[in-house]
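The next block is upload-v5.txt, given as compact mmCIF, C-alpha atoms.
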```txt
# COMPACT_ATOMS: atom_id res chain seq x y z
CA MET A 71 63.23 35.52 110.21
CA VAL A 72 60.28 37.75 109.38
CA ASN A 73 57.00 36.35 108.10
CA ARG A 74 55.44 37.01 104.72
CA SER A 75 53.10 39.71 106.02
CA ILE A 76 56.00 41.73 107.45
CA LEU A 77 58.06 41.11 104.35
CA HIS A 78 55.35 42.47 102.09
CA LYS A 79 54.97 45.59 104.23
CA LEU A 80 58.72 46.20 104.02
CA LEU A 81 58.69 45.73 100.27
CA LEU A 82 55.71 48.06 99.96
CA ALA A 83 57.59 50.64 102.00
CA ARG A 84 60.61 50.36 99.74
CA ARG A 85 58.51 50.60 96.59
CA LEU A 86 56.65 53.69 97.81
CA TYR A 87 59.96 55.18 98.90
CA GLU A 88 61.44 54.71 95.42
CA LEU A 89 58.34 56.14 93.76
CA SER A 90 58.64 59.29 95.85
CA ARG A 91 62.17 60.04 94.62
CA GLU A 92 61.32 61.59 91.25
CA ASN A 93 58.56 63.77 92.68
CA LEU A 94 60.68 65.06 95.56
CA ASN A 95 63.44 66.00 93.12
CA SER A 96 60.99 68.26 91.30
CA THR A 97 60.36 71.94 91.97
CA ASN A 98 56.72 71.64 90.91
CA ASP A 99 54.25 72.15 93.77
CA LEU A 100 52.01 69.29 92.67
CA SER A 101 54.96 66.89 92.35
CA LEU A 102 56.25 67.85 95.79
CA GLY A 103 52.83 67.13 97.26
CA ILE A 104 52.74 63.72 95.57
CA GLY A 105 56.27 63.00 96.76
CA VAL A 106 55.42 63.86 100.39
CA ASN A 107 52.33 61.64 100.30
CA LEU A 108 54.26 58.70 98.86
CA LEU A 109 57.16 59.12 101.28
CA GLN A 110 54.87 59.30 104.31
CA ASP A 111 52.96 56.23 103.13
CA ALA A 112 56.31 54.45 102.88
CA VAL A 113 57.18 55.38 106.47
CA GLU A 114 53.78 54.27 107.72
CA ALA A 115 53.99 50.89 105.94
CA PHE A 116 57.47 50.44 107.39
CA LEU A 117 56.34 51.24 110.93
CA LEU A 118 53.42 48.83 110.61
CA ALA A 119 55.92 46.12 109.66
CA VAL A 120 58.08 46.92 112.69
CA SER A 121 54.99 47.02 114.91
CA GLU A 122 53.93 43.58 113.74
CA HIS A 123 57.43 42.22 114.32
CA VAL A 124 57.63 43.46 117.92
CA ASN A 125 53.89 43.05 118.59
CA ALA A 126 53.41 46.74 119.40
CA GLY A 127 49.67 46.59 118.84
CA ILE A 128 49.19 49.51 116.46
CA LYS A 129 45.51 49.74 115.47
CA SER A 130 43.81 51.26 112.45
CA ASN A 131 42.80 54.30 114.54
CA THR A 132 46.19 54.80 116.22
CA ALA A 133 47.52 58.32 115.65
CA PHE A 134 50.83 58.48 113.79
CA ASP A 135 52.61 60.17 116.72
CA ASN A 136 51.71 57.21 118.92
CA TYR A 137 53.37 54.71 116.58
CA PHE A 138 56.71 55.73 118.05
CA ASP A 139 55.56 55.40 121.68
CA LEU A 140 54.07 51.93 121.14
CA ILE A 141 57.10 50.60 119.28
CA ASN A 142 59.61 52.23 121.64
CA GLY A 143 57.83 50.55 124.53
CA LYS A 144 58.56 47.16 122.95
CA ILE A 145 62.17 47.77 121.92
CA SER A 146 63.36 49.64 125.04
CA PRO A 147 66.07 50.63 125.80
CA LYS A 148 66.34 51.23 122.06
CA GLU A 149 64.36 54.07 120.50
CA LEU A 150 63.28 54.81 116.96
CA PRO A 151 65.45 57.61 115.48
CA PHE A 152 64.39 60.76 113.58
CA ARG A 153 61.05 61.03 115.38
CA ALA A 154 60.74 64.81 115.11
CA ARG A 155 61.65 64.84 111.40
CA LEU A 156 59.19 62.06 110.56
CA VAL A 157 56.38 63.68 112.55
CA ALA A 158 57.06 66.84 110.54
CA LEU A 159 56.80 64.77 107.34
CA ASN A 160 53.42 63.50 108.49
CA LYS A 161 52.19 67.08 109.02
CA LEU A 162 53.29 67.98 105.49
CA ARG A 163 51.31 64.98 104.21
CA VAL A 164 48.21 65.97 106.21
CA ASN A 165 48.39 69.56 104.91
CA SER A 166 48.84 68.35 101.36
CA LYS A 167 46.25 65.56 101.39
CA HIS A 168 43.52 67.10 103.52
CA TYR A 169 43.95 70.83 103.00
CA GLY A 170 45.49 71.05 99.55
CA LEU A 171 48.53 72.95 100.82
CA ALA A 172 51.63 72.30 98.73
CA PRO A 173 54.86 71.87 100.71
CA ALA A 174 57.66 74.32 100.06
CA LYS A 175 60.81 72.97 98.46
CA SER A 176 62.75 74.02 101.55
CA GLU A 177 60.48 71.84 103.70
CA THR A 178 61.17 68.72 101.66
CA GLU A 179 64.94 69.15 101.43
CA GLY A 180 66.70 66.19 102.98
CA LEU A 181 63.51 64.23 103.70
CA PHE A 182 64.32 61.47 101.25
CA LEU A 183 67.77 60.92 102.79
CA THR A 184 66.36 61.05 106.33
CA VAL A 185 63.81 58.35 105.55
CA ARG A 186 66.49 56.22 103.93
CA GLU A 187 68.70 56.45 107.00
CA PHE A 188 65.69 55.70 109.20
CA PHE A 189 64.84 52.58 107.20
CA GLU A 190 68.42 51.32 107.19
CA GLU A 191 69.04 51.90 110.90
CA VAL A 192 65.77 50.40 112.17
CA THR A 193 65.84 47.45 109.78
CA LYS A 194 69.28 46.52 111.09
CA SER A 195 68.77 47.23 114.80
CA VAL A 196 65.22 45.90 115.22
CA LEU A 197 64.65 43.40 112.40
CA GLY A 198 68.21 42.13 112.07
CA LEU A 199 68.16 42.69 108.31
CA THR A 200 69.66 45.06 105.76
CA PHE A 201 67.03 47.29 104.17
CA ALA A 202 68.66 47.18 100.74
CA THR A 203 68.49 43.39 100.72
CA VAL A 204 65.04 42.91 102.21
CA SER A 205 63.56 40.78 99.48
CA LEU A 206 61.38 37.90 98.54
CA ILE A 207 64.26 35.45 98.26
CA GLU A 208 62.47 33.07 100.61
CA LEU A 209 59.59 32.97 98.14
CA VAL A 210 61.84 31.89 95.25
CA GLN A 211 61.54 28.21 94.40
CA ASP A 212 64.28 26.06 95.90
CA GLY A 213 67.24 25.27 93.71
CA GLU A 214 70.64 26.51 92.66
CA SER A 215 69.40 29.90 91.48
CA LYS A 216 67.90 30.57 94.94
CA GLU A 217 71.17 29.67 96.63
CA LEU A 218 73.04 31.97 94.27
CA LEU A 219 70.70 34.82 95.19
CA ARG A 220 71.41 34.16 98.85
CA GLU A 221 75.12 34.36 98.08
CA ALA A 222 74.50 37.63 96.23
CA GLU A 223 72.63 39.00 99.25
CA ALA A 224 75.46 37.99 101.58
CA ALA A 225 77.98 39.59 99.25
CA PHE A 226 76.00 42.84 99.23
CA GLN A 227 75.81 42.89 103.02
CA ALA A 228 79.57 42.32 103.17
CA GLY A 229 80.16 45.21 100.78
CA ASN A 230 81.41 42.95 97.99
CA PHE A 231 79.26 44.53 95.29
CA GLU A 232 81.17 42.99 92.39
CA LYS A 233 80.45 39.50 93.69
CA CYS A 234 76.82 40.47 94.19
CA LEU A 235 76.54 41.41 90.50
CA VAL A 236 78.29 38.22 89.41
CA ASP A 237 76.14 35.98 91.61
CA CYS A 238 72.95 37.56 90.32
CA ARG A 239 74.09 36.92 86.75
CA LYS A 240 74.91 33.33 87.69
CA ALA A 241 71.33 32.94 88.93
CA ILE A 242 70.07 34.34 85.63
CA PHE A 243 72.33 31.94 83.74
CA VAL A 244 71.14 28.89 85.69
CA ARG A 245 67.49 29.78 85.29
CA ILE A 246 67.39 31.31 81.81
CA GLU A 247 70.63 31.67 79.84
CA SER A 248 71.68 28.03 80.19
CA HIS A 249 68.82 27.13 77.84
CA TYR A 250 70.63 29.12 75.13
CA ASP A 251 74.04 27.51 75.69
CA ILE A 252 75.41 25.97 72.49
CA SER A 253 78.70 24.69 73.93
CA ARG A 254 77.52 21.07 73.66
CA PHE A 255 77.45 21.43 69.88
CA ALA A 256 81.21 21.75 69.85
CA HIS A 257 81.10 17.97 70.34
CA GLU A 258 78.19 16.89 68.18
CA GLU A 259 79.36 13.31 68.21
CA GLU A 260 78.14 13.15 71.83
CA LEU A 261 74.56 13.61 70.66
CA LYS A 262 72.46 11.07 68.82
CA GLY A 263 69.31 11.17 66.73
CA LEU A 264 66.63 13.66 67.64
CA ALA A 265 68.53 14.48 70.82
CA LEU A 266 70.72 16.68 68.61
CA LEU A 267 67.70 18.83 67.77
CA LEU A 268 66.31 18.95 71.27
CA SER A 269 69.63 19.72 72.97
CA GLY A 270 70.41 23.38 73.32
CA ASP A 271 66.79 23.88 74.28
CA LYS A 272 66.04 27.37 72.97
CA ALA A 273 69.19 28.50 71.16
CA PRO A 274 68.61 29.52 67.53
CA PHE A 275 68.89 26.54 65.17
CA PHE A 276 71.45 28.37 63.01
CA ALA A 277 73.85 28.35 65.97
CA ARG A 278 73.54 24.65 66.82
CA ASN A 279 76.50 23.35 64.83
CA LYS A 280 80.28 23.19 64.78
CA ASP A 281 80.61 25.56 61.82
CA TYR A 282 78.85 28.39 63.66
CA ILE A 283 80.93 27.76 66.75
CA GLU A 284 84.17 27.77 64.78
CA LYS A 285 83.34 31.09 63.10
CA ASN A 286 81.62 32.99 65.92
CA ILE A 287 82.67 31.74 69.35
CA LEU A 288 85.70 33.79 70.34
CA ASN A 289 85.59 33.30 74.11
CA PRO A 290 83.58 30.99 76.43
CA THR A 291 80.86 33.55 77.21
CA ASP A 292 79.96 33.65 73.50
CA TYR A 293 78.45 30.18 73.88
CA VAL A 294 75.25 31.82 75.15
CA VAL A 295 73.34 32.70 71.97
CA LEU A 296 70.03 34.32 72.84
CA ASP A 297 67.02 34.17 70.56
CA TYR A 298 65.59 37.56 71.55
CA LYS A 299 62.05 36.89 70.34
CA THR A 300 61.93 33.64 72.30
CA VAL A 301 63.37 35.32 75.39
CA GLU A 302 60.80 38.12 75.23
CA LEU A 303 57.92 35.68 74.77
CA ASP A 304 59.11 33.46 77.61
CA LEU A 305 59.50 36.44 79.94
CA LEU A 306 56.00 37.71 79.20
CA THR A 307 54.52 34.23 79.54
CA SER A 308 56.26 33.62 82.86
CA GLY A 309 55.23 36.97 84.34
CA MET A 310 58.70 38.54 84.35
CA ASP A 311 59.09 42.19 83.40
CA THR A 312 61.07 42.39 80.15
CA ILE A 313 62.57 45.83 80.76
CA SER A 314 63.84 44.78 84.18
CA PHE A 315 65.35 41.58 82.77
CA TRP A 316 67.34 43.38 80.06
CA ASN A 317 68.44 45.98 82.60
CA VAL A 318 69.92 43.22 84.76
CA LEU A 319 71.75 41.73 81.78
CA ARG A 320 73.22 45.13 80.88
CA LEU A 321 74.33 45.78 84.46
CA THR A 322 76.00 42.41 85.07
CA PRO A 323 79.03 40.73 83.47
CA GLU A 324 78.57 37.93 80.94
CA LEU A 325 79.58 34.49 82.16
CA HIS A 326 79.39 30.82 81.26
CA ARG A 327 79.48 27.36 82.77
CA ARG A 328 79.24 24.31 80.57
CA LYS A 329 77.94 21.91 83.21
CA ALA A 330 76.72 22.12 86.79
CA GLY A 331 79.64 21.72 89.15
CA GLU A 332 82.22 22.99 86.66
CA LYS A 333 84.14 26.23 87.09
CA TRP A 334 82.46 29.48 86.06
CA VAL A 335 84.06 31.66 83.39
CA ILE A 336 83.49 35.36 84.12
CA LYS A 337 83.99 38.09 81.55
CA HIS A 338 85.47 40.92 83.63
CA GLU A 339 83.82 43.80 81.81
CA PHE A 340 85.48 46.94 83.12
CA ARG A 341 82.52 49.24 82.46
CA VAL A 342 80.05 46.91 84.18
CA LEU A 343 82.32 46.39 87.19
CA GLU A 344 83.36 50.06 87.47
CA LYS A 345 83.64 50.95 91.17
CA ASP A 346 81.93 54.31 90.78
CA GLY A 347 78.23 53.73 91.50
CA ILE A 348 78.62 49.95 91.88
CA LYS A 349 76.74 49.86 95.20
CA ASP A 350 73.62 51.41 93.67
CA ARG A 351 73.85 49.11 90.66
CA ALA A 352 74.27 46.04 92.84
CA GLU A 353 71.29 47.02 94.97
CA TYR A 354 69.11 47.47 91.90
CA VAL A 355 70.27 44.21 90.30
CA LEU A 356 69.76 42.14 93.46
CA ASP A 357 66.30 43.52 94.12
CA THR A 358 65.25 43.23 90.49
CA THR A 359 66.55 39.69 89.96
CA VAL A 360 64.75 38.41 93.03
CA ASN A 361 61.51 40.07 92.01
CA LEU A 362 61.78 38.65 88.49
CA PHE A 363 62.04 35.12 89.87
CA VAL A 364 59.30 35.62 92.45
CA ALA A 365 56.92 36.95 89.80
CA ALA A 366 57.55 33.88 87.66
CA ASP A 367 57.23 31.46 90.58
CA GLN A 368 54.01 33.02 91.83
CA LYS A 369 52.48 32.80 88.38
CA LEU A 370 53.61 29.20 88.07
CA ALA A 371 52.16 28.39 91.49
CA ALA A 372 48.82 29.82 90.39
CA THR A 373 48.81 27.62 87.28
CA LYS A 374 46.78 24.47 87.71
CA SER A 375 47.82 21.25 85.98
CA PRO A 376 47.68 17.53 86.72
CA GLU A 377 50.32 16.05 88.99
CA TYR A 378 53.35 14.93 87.01
CA ARG A 379 53.78 11.17 86.72
CA ARG A 380 55.59 8.83 84.36
CA TYR A 381 53.49 6.30 82.47
CA TYR A 382 54.80 3.29 80.58
CA VAL A 383 53.70 0.39 78.42
CA THR A 384 55.21 -3.08 78.02
CA LEU A 385 55.89 -4.31 74.50
CA ARG A 386 54.91 -7.75 73.22
CA LYS A 387 58.26 -8.04 71.46
CA GLU A 388 61.52 -6.21 70.85
CA GLU A 389 62.49 -3.95 67.93
CA VAL A 390 59.04 -2.56 67.13
CA PRO A 391 58.52 0.28 64.61
CA VAL A 392 58.08 3.86 65.82
CA TYR A 393 56.00 5.93 63.39
CA ARG A 394 56.20 9.66 62.76
CA LYS A 395 52.40 9.89 62.76
CA ALA A 396 49.59 7.95 64.42
CA ASP A 397 49.31 5.79 61.33
CA THR A 398 51.04 2.54 60.37
CA GLY A 399 51.26 3.86 56.82
CA SER A 400 53.43 6.82 57.88
CA GLU A 401 57.22 7.00 57.96
CA VAL A 402 59.02 4.72 60.40
CA VAL A 403 61.41 7.11 62.16
CA GLN A 404 62.98 4.55 64.48
CA THR A 405 62.94 0.97 65.64
CA THR A 406 63.08 0.36 69.36
CA PRO A 407 66.49 -0.97 70.47
CA LYS A 408 67.00 -4.64 71.03
CA GLY A 409 66.41 -5.56 74.64
CA VAL A 410 64.01 -2.67 75.29
CA LYS A 411 60.50 -3.86 76.15
CA THR A 412 59.31 -0.98 78.36
CA LEU A 413 58.59 2.47 76.93
CA TYR A 414 57.48 5.68 78.60
CA VAL A 415 54.34 7.21 77.05
CA ASP A 416 52.42 10.41 77.66
CA PHE A 417 49.14 9.89 75.77
CA ARG A 418 47.02 7.51 73.69
CA VAL A 419 44.99 8.55 70.65
CA ALA A 420 42.98 7.11 67.76
CA GLY A 421 44.81 6.65 64.45
CA LEU A 422 44.77 9.34 61.78
CA SER A 423 42.83 7.08 59.43
CA GLY A 424 40.28 6.33 62.11
CA GLU A 425 41.60 2.81 62.56
CA GLY A 426 43.51 1.48 65.54
CA ILE A 427 44.88 3.09 68.70
CA PHE A 428 48.37 4.58 69.00
CA TRP A 429 50.57 5.38 71.99
CA HIS A 430 52.89 8.39 71.92
CA VAL A 431 56.39 7.53 73.11
CA LEU A 432 58.97 9.98 74.46
CA GLN A 433 62.00 8.67 76.34
CA PHE A 434 65.78 8.52 76.38
CA ASP A 435 67.50 5.17 76.34
CA GLU A 436 71.26 5.30 76.85
CA GLY A 437 71.52 8.62 75.07
CA LEU A 438 69.13 7.69 72.25
CA LEU A 439 65.86 9.61 72.14
CA ILE A 440 62.83 7.51 71.19
CA SER A 441 60.04 9.75 69.98
CA GLY A 442 56.94 8.96 67.91
CA TYR A 443 53.94 6.63 67.82
CA ILE A 444 53.63 2.90 68.31
CA SER A 445 50.62 0.81 67.42
CA GLU A 446 48.52 -0.70 70.17
CA ASP A 447 49.02 -4.04 68.41
CA VAL A 448 52.58 -4.24 69.84
CA VAL A 449 51.53 -3.32 73.38
CA SER A 450 50.79 -6.00 75.98
CA ASP A 451 47.41 -5.93 77.68
```

Any chance you could put this one into structure tokens?
Amino acid sequence: MVNRSILHKLLLARRLYELSRENLNSTNDLSLGIGVNLLQDAVEAFLLAVSEHVNAGIKSNTAFDNYFDLINGKISPKELPFRARLVALNKLRVNSKHYGLAPAKSETEGLFLTVREFFEEVTKSVLGLTFATVSLIELVQDGESKELLREAEAAFQAGNFEKCLVDCRKAIFVRIESHYDISRFAHEEELKGLALLLSGDKAPFFARNKDYIEKNILNPTDYVVLDYKTVELDLLTSGMDTISFWNVLRLTPELHRRKAGEKWVIKHEFRVLEKDGIKDRAEYVLDTTVNLFVAADQKLAATKSPEYRRYYVTLRKEEVPVYRKADTGSEVVQTTPKGVKTLYVDFRVAGLSGEGIFWHVLQFDEGLLISGYISEDVVSD
């Protein structure tokens, strides 16, 4: 297992490597110079990660040529491959960066592929990882979606790219799409009171009924009805990149699961699961999905809020009125069930008229949602 510092260096290397691609494909002198600089920076970040892993002791003033000697001394009898080609890349970078000399197209031919092979071989032989799947999975919050990403990573390493795509979409479903699942509305009699409105979480209200389901749900994957404005807002708020999210959805097959533990239904979309190019698509989807979740989790971790606790009050009697507003003159939306004398509350506030104190109640009791305000007069001291 590599630590976070090494992981970030590897991810930086991969990002710089990808950024160099477009410039190295150009015939423009300036673009080739940019591409060489980015590619060399990627190699250097990668070697620093390897050095840290094997404790090679590379310093800030260590010459690039010596990186290989120091690391080779720690991994002997193994040796880092492609030394001559990578030293030549460094010279192109020095000429471009320090002397303003643009590399010739013939000098950059094959460099991108060489670096890729270097990354893949060394990551496997020295770090015990697969470069394509080096990710921040360990930084994703624990839960089912994290386990699904681990399964996707294992599938990619095993060459099962179709499963990798499916598992990534499952992780997206668990974390995001399940909030737009309207399958429970096929059995509205299972829901009571305000629970009917709150169930389905974020699905559009027009889709939360049997009539819509009867007319529009043609196969199980249709039960996911996205509200695109809500999705976009949630992505932006959580720190996820919207373009990346929609790319993942387009590159993975639709699926559905009504409840945790039940069997998944996969729509085998032939175009999405086409074998031609599936490895590249799976690599992109795995990397992107992980980074989407990590971005959201890091933003959430940086958000400060009070520790979550449940607070409750004890009632003086049973069957007390629950008001829509903090006012005894407002509509009574419910009466607490017989036998219930403890209610969960989340805040207390003065009445709308300026008289009395009211407690806000929000709890489920045997499938019945109790939501509204109760007067302090019915609460025990």

Go through range 345-448 of chain A and flag each residue having an atom no more than 9 Å from range 236-259 of chain A; for those, report the closest pair of atoms plus their distance in Å to one decimal, using all atoms listed in the file, ordered by chain and rising number, as a tab-separated table.
```
residue	atom	partner	partner_atom	distance
A:Ala352	CA	A:Cys238	CA	8.9
A:Val355	CA	A:Cys238	CA	7.2
A:Leu356	CA	A:Cys238	CA	6.4
A:Thr359	CA	A:Cys238	CA	6.8
A:Val360	CA	A:Cys238	CA	8.7
A:Phe363	CA	A:Arg245	CA	8.9
```

What are the centre and edge lengths in Å, to one decimal, of the axis-aligned box around all listed atoms of range 164-172 of chain A with 5 Å added on each side, as JSON?
```
{"center_x": 47.6, "center_y": 69.3, "center_z": 102.5, "size_x": 18.1, "size_y": 17.4, "size_z": 17.5}
```

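Across the model, the gap from CA of Leu439 in chain A to CA of Pro407 in chain A is 10.7 Å.
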
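Interatomic distance, CA of Phe116 in chain A to CA of Asp350 in chain A: 21.2 Å.
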
Selected residue of minimal separation from Val419 in chain A among A:Asp397, A:Leu432, A:Asn131, A:Ala225, counting all atoms listed in the file: A:Asp397

Residue neighbourhood Val204 in chain A, 10 Å, only C-alpha atoms, exclusion window fewer than 6 positions, as a PyMOL selection string: chain A and resi 77-78+80-81+84+193+223+356-357

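In this comparison, which uses only C-alpha atoms, the residue of A:Glu149, A:Glu302, A:Val364, A:Thr291 approaching Lys337 in chain A most closely is A:Thr291.
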
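Nearest-residue note for Val210 in chain A: choosing from A:Leu325, A:Val402, A:Ile440, A:Ala366, the minimum distance belongs to A:Ala366, counting only C-alpha atoms.
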
May I have the residues within 12 Å of Val72 in chain A as a JSON list (two decimals) with C-alpha atoms, in the frame of the given file, using all atoms listed in the file and disregarding those fewer than 5 positions away in the same chain?
```json
[["chain", "number", "residue", "atom", "x", "y", "z"],
["A", 77, "LEU", "CA", 58.06, 41.11, 104.35],
["A", 78, "HIS", "CA", 55.35, 42.47, 102.09],
["A", 79, "LYS", "CA", 54.97, 45.59, 104.23],
["A", 80, "LEU", "CA", 58.72, 46.20, 104.02],
["A", 119, "ALA", "CA", 55.92, 46.12, 109.66],
["A", 120, "VAL", "CA", 58.08, 46.92, 112.69],
["A", 122, "GLU", "CA", 53.93, 43.58, 113.74],
["A", 123, "HIS", "CA", 57.43, 42.22, 114.32],
["A", 124, "VAL", "CA", 57.63, 43.46, 117.92],
["A", 193, "THR", "CA", 65.84, 47.45, 109.78],
["A", 196, "VAL", "CA", 65.22, 45.90, 115.22],
["A", 197, "LEU", "CA", 64.65, 43.40, 112.40],
["A", 198, "GLY", "CA", 68.21, 42.13, 112.07],
["A", 199, "LEU", "CA", 68.16, 42.69, 108.31],
["A", 204, "VAL", "CA", 65.04, 42.91, 102.21],
["A", 205, "SER", "CA", 63.56, 40.78, 99.48],
["A", 206, "LEU", "CA", 61.38, 37.90, 98.54],
["A", 208, "GLU", "CA", 62.47, 33.07, 100.61]]
```

Which neighbours of range 409-413 of chain A fall inside 10 Å, counting all atoms listed in the file, when residues of the same chain fewer than 2 positions from it are skipped, and could you give them as a list in words? Tyr381, Tyr382, Val383, Thr384, Leu385, Arg386, Lys387, Glu388, Glu389, Val390, Thr406, Pro407, Val415, Trp429, His430, Val431, Leu432, Gln433, Phe434, Asp435, Ile440, Ile444, Val449 and Ser450 of chain A

Store the residues of this selection in a file with C-alpha atoms, as a CSV table (one decimal), in the frame of the given file.
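Final output, result.csv:
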```csv
chain,number,residue,atom,x,y,z
A,381,TYR,CA,53.5,6.3,82.5
A,382,TYR,CA,54.8,3.3,80.6
A,383,VAL,CA,53.7,0.4,78.4
A,384,THR,CA,55.2,-3.1,78.0
A,385,LEU,CA,55.9,-4.3,74.5
A,386,ARG,CA,54.9,-7.8,73.2
A,387,LYS,CA,58.3,-8.0,71.5
A,388,GLU,CA,61.5,-6.2,70.8
A,389,GLU,CA,62.5,-4.0,67.9
A,390,VAL,CA,59.0,-2.6,67.1
A,406,THR,CA,63.1,0.4,69.4
A,407,PRO,CA,66.5,-1.0,70.5
A,415,VAL,CA,54.3,7.2,77.0
A,429,TRP,CA,50.6,5.4,72.0
A,430,HIS,CA,52.9,8.4,71.9
A,431,VAL,CA,56.4,7.5,73.1
A,432,LEU,CA,59.0,10.0,74.5
A,433,GLN,CA,62.0,8.7,76.3
A,434,PHE,CA,65.8,8.5,76.4
A,435,ASP,CA,67.5,5.2,76.3
A,440,ILE,CA,62.8,7.5,71.2
A,444,ILE,CA,53.6,2.9,68.3
A,449,VAL,CA,51.5,-3.3,73.4
A,450,SER,CA,50.8,-6.0,76.0
```

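With all atoms listed in the file as the atoms that count, the residue of A:Lys285, A:Lys395, A:Lys233, A:Lys175 with the shortest distance to Asn93 in chain A is A:Lys175.
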
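As for CA of Val403 in chain A and CA of Tyr443 in chain A, they are spaced 9.4 Å apart.
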
Contacts of range 162-168 of chain A at 12 Å (only C-alpha atoms; same-chain gap of 5+ positions) as a list of chain:residue names: A:Asp99, A:Leu100, A:Ser101, A:Leu102, A:Gly103, A:Ile104, A:Gly105, A:Val106, A:Asn107, A:Leu108, A:Leu109, A:Gln110, A:Asp111, A:Ala112, A:Val113, A:Glu114, A:Phe134, A:Arg155, A:Leu156, A:Val157, A:Pro173, A:Ala174, A:Lys175, A:Ser176, A:Glu177, A:Thr178, A:Leu181

From the options A:Tyr169, A:Leu362, A:Ala133, A:Leu219, which residue's atoms come nearest to Leu305 in chain A, counting only C-alpha atoms? A:Leu362

Nearest residue to Glu339 in chain A out of A:Arg320, A:Ser90, A:Leu306, A:Ala273, using only C-alpha atoms? A:Arg320

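With distances taken from (73.5, 23.5, 63.5) and restricted to all atoms listed in the file, the residues inside 10 Å are Ile252, Phe255, Glu258, Leu266, Leu267, Pro274, Phe275, Phe276, Ala277, Arg278, Asn279, Lys280, Asp281, Tyr282 and Ile283 of chain A.
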
Go ahead and dump the residues you just picked, C-alpha atoms, as a PDB file, in the frame of the given file.
```
ATOM      1  CA  ILE A 252      75.410  25.970  72.490  1.00  0.00           C
ATOM      2  CA  PHE A 255      77.450  21.430  69.880  1.00  0.00           C
ATOM      3  CA  GLU A 258      78.190  16.890  68.180  1.00  0.00           C
ATOM      4  CA  LEU A 266      70.720  16.680  68.610  1.00  0.00           C
ATOM      5  CA  LEU A 267      67.700  18.830  67.770  1.00  0.00           C
ATOM      6  CA  PRO A 274      68.610  29.520  67.530  1.00  0.00           C
ATOM      7  CA  PHE A 275      68.890  26.540  65.170  1.00  0.00           C
ATOM      8  CA  PHE A 276      71.450  28.370  63.010  1.00  0.00           C
ATOM      9  CA  ALA A 277      73.850  28.350  65.970  1.00  0.00           C
ATOM     10  CA  ARG A 278      73.540  24.650  66.820  1.00  0.00           C
ATOM     11  CA  ASN A 279      76.500  23.350  64.830  1.00  0.00           C
ATOM     12  CA  LYS A 280      80.280  23.190  64.780  1.00  0.00           C
ATOM     13  CA  ASP A 281      80.610  25.560  61.820  1.00  0.00           C
ATOM     14  CA  TYR A 282      78.850  28.390  63.660  1.00  0.00           C
ATOM     15  CA  ILE A 283      80.930  27.760  66.750  1.00  0.00           C
TER      16      ILE A 283
END
```
